[in-house]
>>> print(open('final_4.cif').read())   # mmCIF, C-alpha atoms
data_model
#
loop_
_atom_site.label_atom_id
_atom_site.label_comp_id
_atom_site.auth_asym_id
_atom_site.auth_seq_id
_atom_site.Cartn_x
_atom_site.Cartn_y
_atom_site.Cartn_z
CA MET A 21 56.62 6.57 9.86
CA THR A 22 55.30 3.08 10.33
CA LEU A 23 52.04 4.45 11.64
CA LYS A 24 51.66 6.72 8.65
CA ARG A 25 52.21 3.82 6.27
CA SER A 26 49.58 1.82 8.06
CA THR A 27 47.02 4.59 7.52
CA MET A 28 47.67 4.76 3.79
CA PRO A 29 45.24 2.83 1.64
CA ALA A 30 46.52 -0.30 0.07
CA ALA A 31 47.27 0.43 -3.56
CA PRO A 32 45.00 -1.41 -5.95
CA ALA A 33 46.53 -2.93 -9.00
CA PRO A 34 47.37 -0.18 -11.48
CA SER A 35 45.18 -1.71 -14.10
CA GLN A 36 42.24 -1.70 -11.71
CA ALA A 37 42.75 1.97 -10.88
CA ASP A 38 43.08 2.86 -14.54
CA GLN A 39 40.05 0.80 -15.37
CA PHE A 40 38.00 2.56 -12.72
CA GLY A 41 39.20 5.96 -13.83
CA GLN A 42 38.31 5.18 -17.42
CA ARG A 43 34.82 4.07 -16.43
CA ILE A 44 34.19 7.31 -14.59
CA SER A 45 35.64 9.26 -17.50
CA ALA A 46 33.29 7.48 -19.89
CA ARG A 47 30.34 8.64 -17.79
CA LEU A 48 31.70 12.17 -17.68
CA SER A 49 32.22 12.17 -21.44
CA ALA A 50 28.61 11.20 -21.99
CA GLY A 51 27.58 14.18 -19.90
CA ALA A 52 29.89 16.54 -21.74
CA GLU A 53 28.33 15.65 -25.07
CA ASN A 54 24.90 16.82 -23.98
CA LEU A 55 25.42 20.37 -22.87
CA ASP A 56 22.53 22.82 -22.76
CA HIS A 57 21.82 24.60 -26.03
CA ASP A 58 22.57 27.96 -24.43
CA ILE A 59 25.97 26.78 -23.22
CA SER A 60 26.79 25.28 -26.62
CA GLN A 61 25.90 28.52 -28.37
CA ARG A 62 28.00 30.59 -26.00
CA LEU A 63 30.93 28.24 -26.49
CA ARG A 64 30.52 28.62 -30.25
CA VAL A 65 30.53 32.41 -29.93
CA ALA A 66 33.62 32.23 -27.71
CA ARG A 67 35.36 30.08 -30.32
CA GLU A 68 34.45 32.46 -33.13
CA LEU A 69 35.66 35.46 -31.14
CA ALA A 70 38.96 33.73 -30.52
CA LEU A 71 39.33 32.79 -34.19
CA ALA A 72 38.62 36.39 -35.18
CA ARG A 73 41.90 37.27 -33.50
CA LEU A 74 43.87 35.18 -35.93
CA ALA A 75 46.16 37.29 -38.13
CA PRO A 76 44.31 38.28 -41.34
CA HIS A 77 45.42 37.00 -44.73
CA PRO A 78 48.46 38.95 -46.10
CA GLY A 79 46.59 39.88 -49.30
CA LEU A 80 43.79 41.34 -47.22
CA VAL A 81 46.29 43.43 -45.25
CA SER A 82 47.87 44.97 -48.32
CA ALA A 83 44.47 45.72 -49.84
CA THR A 84 43.38 47.38 -46.64
CA GLN A 85 46.55 49.43 -46.52
CA ARG A 86 46.03 50.52 -50.12
CA HIS A 87 42.48 51.64 -49.42
CA GLY A 88 43.66 53.44 -46.29
CA ALA A 89 46.31 55.31 -48.26
CA VAL A 90 43.81 56.42 -50.88
CA LEU A 91 41.35 57.66 -48.31
CA SER A 92 43.76 59.45 -46.02
CA LEU A 93 46.64 60.42 -48.32
CA GLY A 94 48.78 59.86 -45.30
CA GLY A 95 49.33 56.15 -45.09
CA PRO A 96 52.37 54.18 -46.08
CA VAL A 97 52.55 55.21 -49.75
CA GLY A 98 55.38 55.11 -52.28
CA GLY A 99 57.36 57.90 -54.05
CA TRP A 100 54.81 58.32 -56.82
CA GLY A 101 52.09 58.73 -54.25
CA LYS A 102 53.94 61.53 -52.49
CA LEU A 103 54.72 63.20 -55.83
CA SER A 104 51.10 63.09 -56.89
CA SER A 105 50.05 64.68 -53.61
CA LEU A 106 52.53 67.59 -54.22
CA LEU A 107 51.53 68.09 -57.89
CA PRO A 108 48.87 70.80 -57.30
CA ALA A 109 51.36 72.89 -55.32
CA ILE A 110 53.98 72.53 -58.05
CA VAL A 111 51.49 73.60 -60.74
CA LEU A 112 50.51 76.64 -58.66
CA LEU A 113 54.13 77.76 -58.22
CA VAL A 114 54.90 77.36 -61.95
CA GLY A 115 51.78 79.36 -62.83
CA LEU A 116 52.71 82.23 -60.49
CA PHE A 117 56.23 82.31 -61.93
CA CYS A 118 54.88 82.51 -65.50
CA ILE A 119 52.46 85.33 -64.62
CA ASP A 120 55.28 87.32 -62.97
CA THR A 121 57.53 86.84 -66.02
CA VAL A 122 54.85 88.03 -68.46
CA GLN A 123 54.07 91.14 -66.38
CA GLU A 124 57.77 92.01 -66.18
CA GLN A 125 57.91 91.73 -69.98
CA PHE A 126 54.89 94.07 -70.40
CA ARG A 127 56.51 96.70 -68.12
CA ALA A 128 59.79 96.46 -70.04
CA ASP A 129 57.95 96.90 -73.36
CA GLU A 130 56.09 100.00 -72.09
CA LEU A 131 59.36 101.61 -70.92
CA ALA A 132 60.98 100.71 -74.24
CA ASP A 133 58.11 102.44 -76.12
CA VAL A 134 58.55 105.61 -74.02
CA ASP A 135 62.29 105.56 -74.68
CA VAL A 136 61.72 105.12 -78.41
CA GLU A 137 59.30 108.06 -78.54
CA LEU A 138 61.71 110.30 -76.61
CA LEU A 139 64.67 109.44 -78.78
CA THR A 140 62.81 109.73 -82.06
CA ALA A 141 61.06 113.04 -81.22
CA GLU A 142 62.27 116.37 -82.78
CA LEU A 143 62.72 117.88 -79.35
CA PRO A 144 66.12 116.93 -77.86
CA PRO A 145 66.01 115.06 -74.50
CA THR A 146 67.97 117.87 -72.75
CA ALA A 147 65.04 120.20 -73.39
CA TYR A 148 63.00 118.31 -70.85
CA THR A 149 65.48 119.25 -68.08
CA ASP A 150 65.36 122.94 -68.96
CA PRO A 151 63.59 125.19 -66.32
CA GLY A 152 61.67 126.86 -69.14
CA PHE A 153 60.07 123.54 -70.04
CA VAL A 154 58.75 123.18 -66.48
CA GLN A 155 57.29 126.67 -66.72
CA PHE A 156 55.75 125.75 -70.08
CA LEU A 157 54.04 122.72 -68.52
CA ARG A 158 52.61 124.76 -65.59
CA SER A 159 51.17 127.40 -67.89
CA THR A 160 49.67 124.71 -70.13
CA VAL A 161 47.95 123.05 -67.17
CA ARG A 162 46.48 126.40 -66.00
CA ASP A 163 45.05 127.04 -69.47
CA MET B 144 52.09 26.17 -38.33
CA ALA B 145 48.46 25.27 -37.72
CA THR B 146 46.02 26.53 -40.31
CA PRO B 147 42.92 28.51 -39.25
CA THR B 148 40.82 25.49 -40.15
CA GLU B 149 42.91 23.20 -37.96
CA ILE B 150 42.69 25.63 -35.05
CA SER B 151 38.95 25.98 -35.51
CA ASP B 152 38.46 22.22 -35.64
CA PHE B 153 40.63 21.74 -32.60
CA LEU B 154 38.76 24.32 -30.53
CA LYS B 155 35.46 22.84 -31.60
CA SER B 156 36.60 19.39 -30.52
CA VAL B 157 37.69 20.45 -27.03
CA GLU B 158 35.29 23.23 -26.07
CA ASN B 159 32.67 21.02 -24.39
CA ARG B 160 35.16 19.09 -22.30
CA ALA B 161 37.07 22.25 -21.47
CA PHE B 162 33.87 23.84 -20.22
CA LYS B 163 32.99 20.83 -18.07
CA ARG B 164 36.51 20.58 -16.72
CA SER B 165 36.45 24.23 -15.71
CA LEU B 166 32.98 23.80 -14.28
CA TYR B 167 34.15 20.95 -12.04
CA HIS B 168 36.76 23.29 -10.63
CA VAL B 169 34.93 26.58 -10.27
CA ARG B 170 31.34 25.23 -9.95
CA ASN B 171 29.92 28.22 -11.76
CA GLU B 172 28.80 28.18 -15.39
CA GLU B 173 29.50 31.86 -16.08
CA SER B 174 33.00 31.62 -14.67
CA ALA B 175 33.67 28.37 -16.51
CA LEU B 176 32.61 29.99 -19.79
CA ASP B 177 34.87 32.96 -19.09
CA ILE B 178 37.80 30.66 -18.39
CA VAL B 179 37.26 28.68 -21.60
CA GLN B 180 36.92 31.83 -23.70
CA ASP B 181 40.01 33.34 -22.12
CA SER B 182 41.93 30.13 -22.81
CA MET B 183 40.81 30.08 -26.45
CA MET B 184 41.89 33.71 -26.87
CA LYS B 185 45.31 33.04 -25.39
CA LEU B 186 45.85 29.97 -27.55
CA VAL B 187 44.97 31.84 -30.74
CA GLU B 188 46.88 35.00 -29.87
CA HIS B 189 50.09 33.41 -28.65
CA TYR B 190 50.31 29.92 -30.11
CA SER B 191 48.58 29.97 -33.49
CA HIS B 192 52.01 29.68 -35.11
CA LYS B 193 52.61 26.31 -33.43
CA PRO B 194 52.04 23.00 -35.24
CA ALA B 195 48.56 21.54 -34.85
CA GLY B 196 49.96 18.55 -32.95
CA GLU B 197 51.14 20.78 -30.10
CA LEU B 198 47.80 22.50 -29.60
CA PRO B 199 46.17 19.94 -27.24
CA LEU B 200 48.95 20.08 -24.66
CA LEU B 201 49.24 23.86 -24.94
CA PHE B 202 45.50 24.33 -24.55
CA GLN B 203 45.29 22.09 -21.49
CA LYS B 204 48.15 24.01 -19.92
CA ILE B 205 46.51 27.35 -20.70
CA LEU B 206 43.19 26.12 -19.33
CA SER B 207 44.86 25.01 -16.10
CA ASN B 208 46.63 28.35 -15.72
CA SER B 209 43.45 30.28 -16.49
CA THR B 210 41.62 28.29 -13.82
CA ILE B 211 44.34 29.02 -11.29
CA ASP B 212 44.21 32.69 -12.26
CA TRP B 213 40.47 32.64 -11.64
CA PHE B 214 40.99 31.25 -8.14
CA ARG B 215 43.60 33.89 -7.51
CA ARG B 216 41.20 36.58 -8.58
CA GLN B 217 38.55 35.14 -6.33
CA LYS B 218 41.03 35.18 -3.45
CA THR B 219 40.33 31.54 -2.79
CA HIS B 220 43.55 30.29 -4.32
CA LYS B 221 45.10 29.62 -0.97
CA ALA B 222 42.19 27.54 0.19
CA HIS B 223 42.20 25.42 -2.97
CA PHE B 224 45.81 25.10 -3.94
CA SER B 225 48.22 26.11 -1.19
CA ASN B 226 47.69 23.60 1.56
CA LEU B 227 47.43 20.65 -0.72
CA ASP B 228 49.33 18.38 1.60
CA ASP B 229 46.80 18.98 4.35
CA PHE B 230 43.96 18.17 1.99
CA GLU B 231 45.65 15.10 0.67
CA ASP B 232 46.50 13.75 4.10
CA GLU B 233 42.85 14.01 4.99
CA GLN B 234 41.94 12.15 1.84
CA GLY B 235 44.60 9.53 2.36
CA ASP B 236 42.51 7.34 4.60
CA SER B 237 40.24 6.17 1.83
CA ASP B 238 38.79 2.75 2.13
CA PRO B 239 41.16 0.48 0.21
CA ASP B 240 38.45 -2.04 -0.39
CA ALA B 241 36.04 0.34 -2.05
CA LEU B 242 37.66 0.18 -5.45
CA SER B 243 37.93 -3.57 -5.33
CA HIS B 244 34.27 -3.72 -4.42
CA LEU B 245 33.25 -1.55 -7.34
CA LEU B 246 35.42 -3.36 -9.83
CA SER B 247 34.54 -6.83 -8.61
CA ALA B 248 30.85 -6.05 -8.68
CA ASP B 249 30.86 -5.66 -12.43
CA ALA B 250 27.29 -5.24 -13.47
CA PRO B 251 26.16 -7.39 -16.35
CA GLN B 252 26.18 -5.59 -19.68
CA SER B 253 22.48 -6.19 -20.14
CA GLN B 254 21.71 -4.57 -16.83
CA GLU B 255 23.69 -1.48 -17.75
CA SER B 256 22.03 -1.25 -21.11
CA SER B 257 18.60 -1.37 -19.48
CA GLU B 258 19.39 1.51 -17.15
CA SER B 259 16.98 4.29 -17.75
CA GLN B 260 18.07 7.67 -19.03
CA ALA B 261 16.98 9.26 -15.78
CA GLN B 262 19.09 6.88 -13.75
CA ARG B 263 22.08 7.54 -15.97
CA SER B 264 21.62 11.25 -15.57
CA GLN B 265 21.32 10.90 -11.82
CA THR B 266 24.42 8.74 -11.65
CA LEU B 267 26.36 11.25 -13.72
CA HIS B 268 25.22 14.05 -11.45
CA GLN B 269 26.38 12.13 -8.37
CA ILE B 270 29.75 11.37 -9.95
CA GLU B 271 30.17 15.04 -10.80
CA GLN B 272 29.29 16.00 -7.25
CA GLU B 273 31.90 13.66 -5.83
CA LEU B 274 34.43 14.87 -8.37
CA GLU B 275 33.84 18.45 -7.30
CA LEU B 276 34.46 17.45 -3.70
CA LEU B 277 37.97 16.21 -4.47
CA PRO B 278 40.95 18.41 -3.59
CA ALA B 279 41.83 20.61 -6.54
CA ARG B 280 45.10 18.92 -7.43
CA GLN B 281 43.61 15.45 -7.24
CA ARG B 282 40.70 16.51 -9.43
CA GLU B 283 43.04 18.14 -11.94
CA ALA B 284 45.29 15.08 -12.11
CA PHE B 285 42.32 12.73 -12.46
CA LEU B 286 40.69 14.75 -15.23
CA LEU B 287 43.89 15.22 -17.18
CA ARG B 288 45.02 11.63 -16.82
CA TYR B 289 41.78 9.77 -17.41
CA TRP B 290 39.38 12.22 -19.05
CA GLU B 291 41.77 14.08 -21.32
CA GLU B 292 43.79 10.86 -21.70
CA MET B 293 47.12 12.57 -21.15
CA ASP B 294 50.09 10.39 -20.27
CA LEU B 295 52.02 10.83 -17.04
CA ALA B 296 54.66 13.11 -18.55
CA GLU B 297 52.10 15.39 -20.18
CA THR B 298 50.00 15.60 -17.04
CA ALA B 299 53.09 16.38 -14.97
CA ALA B 300 54.11 19.10 -17.43
CA ILE B 301 50.68 20.72 -17.32
CA MET B 302 50.45 20.57 -13.53
CA GLY B 303 54.04 21.61 -12.99
CA CYS B 304 54.93 18.68 -10.78
CA SER B 305 56.73 15.34 -10.99
CA GLN B 306 55.28 12.20 -12.54
CA GLY B 307 55.39 10.59 -9.12
CA SER B 308 53.15 13.32 -7.76
CA VAL B 309 50.74 12.78 -10.63
CA LYS B 310 50.55 9.08 -9.80
CA THR B 311 49.88 9.90 -6.17
CA HIS B 312 47.19 12.44 -6.99
CA CYS B 313 45.50 10.05 -9.39
CA PHE B 314 45.60 7.15 -6.97
CA ARG B 315 44.12 9.20 -4.16
CA ALA B 316 41.46 10.59 -6.43
CA VAL B 317 40.46 7.13 -7.60
CA ALA B 318 40.43 5.81 -4.05
CA ALA B 319 38.31 8.72 -2.80
CA LEU B 320 35.86 8.44 -5.68
CA SER B 321 35.51 4.70 -5.32
CA LYS B 322 34.78 5.03 -1.63
CA ALA B 323 32.27 7.82 -2.13
CA LEU B 324 30.47 6.01 -4.95
CA LYS B 325 30.34 2.83 -2.91
CA ILE B 326 28.65 4.73 -0.08
CA ARG B 327 26.12 6.09 -2.57
CA GLY B 328 25.54 2.58 -3.88
CA ILE B 329 26.70 3.42 -7.36
CA THR B 330 28.12 0.61 -9.44
CA LEU B 331 29.96 1.37 -12.62
#
>>> encode(input="final_4.cif", output="C-alpha cells")
Amino acid sequence: MTLKRSTMPAAPAPSQADQFGQRISARLSAGAENLDHDISQRLRVARELALARLAPHPGLVSATQRHGAVLSLGGPVGGWGKLSSLLPAIVLLVGLFCIDTVQEQFRADELADVDVELLTAELPPTAYTDPGFVQFLRSTVRD
Amino acid sequence: MATPTEISDFLKSVENRAFKRSLYHVRNEESALDIVQDSMMKLVEHYSHKPAGELPLLFQKILSNSTIDWFRRQKTHKAHFSNLDDFEDEQGDSDPDALSHLLSADAPQSQESSESQAQRSQTLHQIEQELELLPARQREAFLLRYWEEMDLAETAAIMGCSQGSVKTHCFRAVAALSKALKIRGITL
C-alpha cells in the first residue's frame, strides 16, 4: 500500500490542474471552430435531418388528415362524411322502389280494365266457362 | 418544452464540438459524423419535450452512450472501456513535475501572440494526438470537465460514476497530458 502511494504522482494544486486543463481546452476550442467545409456541411445536414423528425405543427396535421380523407374516402371522417359516401346507394334504392311501385300500378290498371270490360259486356261471364264457347273459339281460329 | 428554434439553435451550437469530441474517441471522421447524427436524432425524437435548459446535459449523455455503442459495435469495447483500472494504473506514474514545469514556464503574452498560424496548427495537432492516446475514461472525463465545462456532478452523471472517480480521471488525464507535452517541448 505504501509502495503504491509512492508511485502515485504528487497532486498539483487543484487550481493549477484546472488552469492547465482550461488552456488545453482553449486550444481544442480554436480547432473545433475551424472544421473543414465538407464536415460543416455534413453536420448541417445531420442537424436538419434530426429537426425534420420534430412533431409537425397540429394545424398541419389536421389539414393533412382532411386532405387524406377527401382523397381516400376512408380516413378518419365524421358522420356527415360517411352519410355523403352512402348517398348514391340510397338514391339508387329509392329509385328502384319507385319504378317497382309504378309498374305494379300499371299491371293493376290493366287487370282492372279487363275486369270492367268483362262485367260491362252483354255476354254474361258464365258464358266464357261454357264448353260451347271453347268450341266457338277453335272454329273461329281455323277460319 | 423547448421550441423547434431553441432545439435548432442548441444543436447548431454544439455540433462542432460534438464532432471533435467523438473524433477524439473513435479517430474516424465518418464514424464521428454518424455518432453525432445519431445523437441528434435521439435527442429530437425522445427529448424534444424537455425544457431547453436540460438539453446540454441530455445531449452530452446521449453522445457518450452513442460513442460507447459504437465501440460495442466495433467489438473493441472491451479493449477501451472494460479494463480501465489496468489502463489507469499504467498511466498513474506520470511525472508529477511536468505540470508544474508547464505552468511555471508561462510564455509571455507577446510571444504567444507572435506564434505563427502554422505553429498553432501543429501544436493543436500534437495536443489532439496526445489526447487520443489517453485511456477512454480519462479522455471522456477531461473533455466533459474542461472542454464542455461541466461541473463534477454533471460529469459524474454523464459517465455513470462517482464524483471522486471523475476527479481521479481528470487528474490523471492532466498529469499524462502535461508530461507528454513537456516531452514534445510544447508550452501552453
>>> interface_residues(input="final_4.cif", of="chain A", to="chain B", cutoff="7 Å", atoms="all atoms listed in the file", output="list in words")
Thr27, Met28, Pro29, Ala30, Ala37, Gly41, Gln42, Arg43, Ser45, Arg47, Leu48, Gly51, Ala52, Glu53, Leu63, Ala66, Arg67, Ala70, Leu71, Arg73 and Leu74 of chain A
>>> write_last_selection(input="final_4.cif", atoms="C-alpha atoms", output="compact mmCIF listing (two decimals), in the coordinates of the input")
# COMPACT_ATOMS: atom_id res chain seq x y z
CA THR A 27 47.02 4.59 7.52
CA MET A 28 47.67 4.76 3.79
CA PRO A 29 45.24 2.83 1.64
CA ALA A 30 46.52 -0.30 0.07
CA ALA A 37 42.75 1.97 -10.88
CA GLY A 41 39.20 5.96 -13.83
CA GLN A 42 38.31 5.18 -17.42
CA ARG A 43 34.82 4.07 -16.43
CA SER A 45 35.64 9.26 -17.50
CA ARG A 47 30.34 8.64 -17.79
CA LEU A 48 31.70 12.17 -17.68
CA GLY A 51 27.58 14.18 -19.90
CA ALA A 52 29.89 16.54 -21.74
CA GLU A 53 28.33 15.65 -25.07
CA LEU A 63 30.93 28.24 -26.49
CA ALA A 66 33.62 32.23 -27.71
CA ARG A 67 35.36 30.08 -30.32
CA ALA A 70 38.96 33.73 -30.52
CA LEU A 71 39.33 32.79 -34.19
CA ARG A 73 41.90 37.27 -33.50
CA LEU A 74 43.87 35.18 -35.93
>>> atom_distance(input="final_4.cif", atom1="atom CA of Ala147 of chain A", atom2="atom CA of Leu131 of chain A")
19.6 Å
>>> atom_distance(input="final_4.cif", atom1="atom CA of Val309 of chain B", atom2="atom CA of Ser207 of chain B")
14.6 Å
>>> atom_distance(input="final_4.cif", atom1="atom CA of Leu55 of chain A", atom2="atom CA of Gln39 of chain A")
25.6 Å
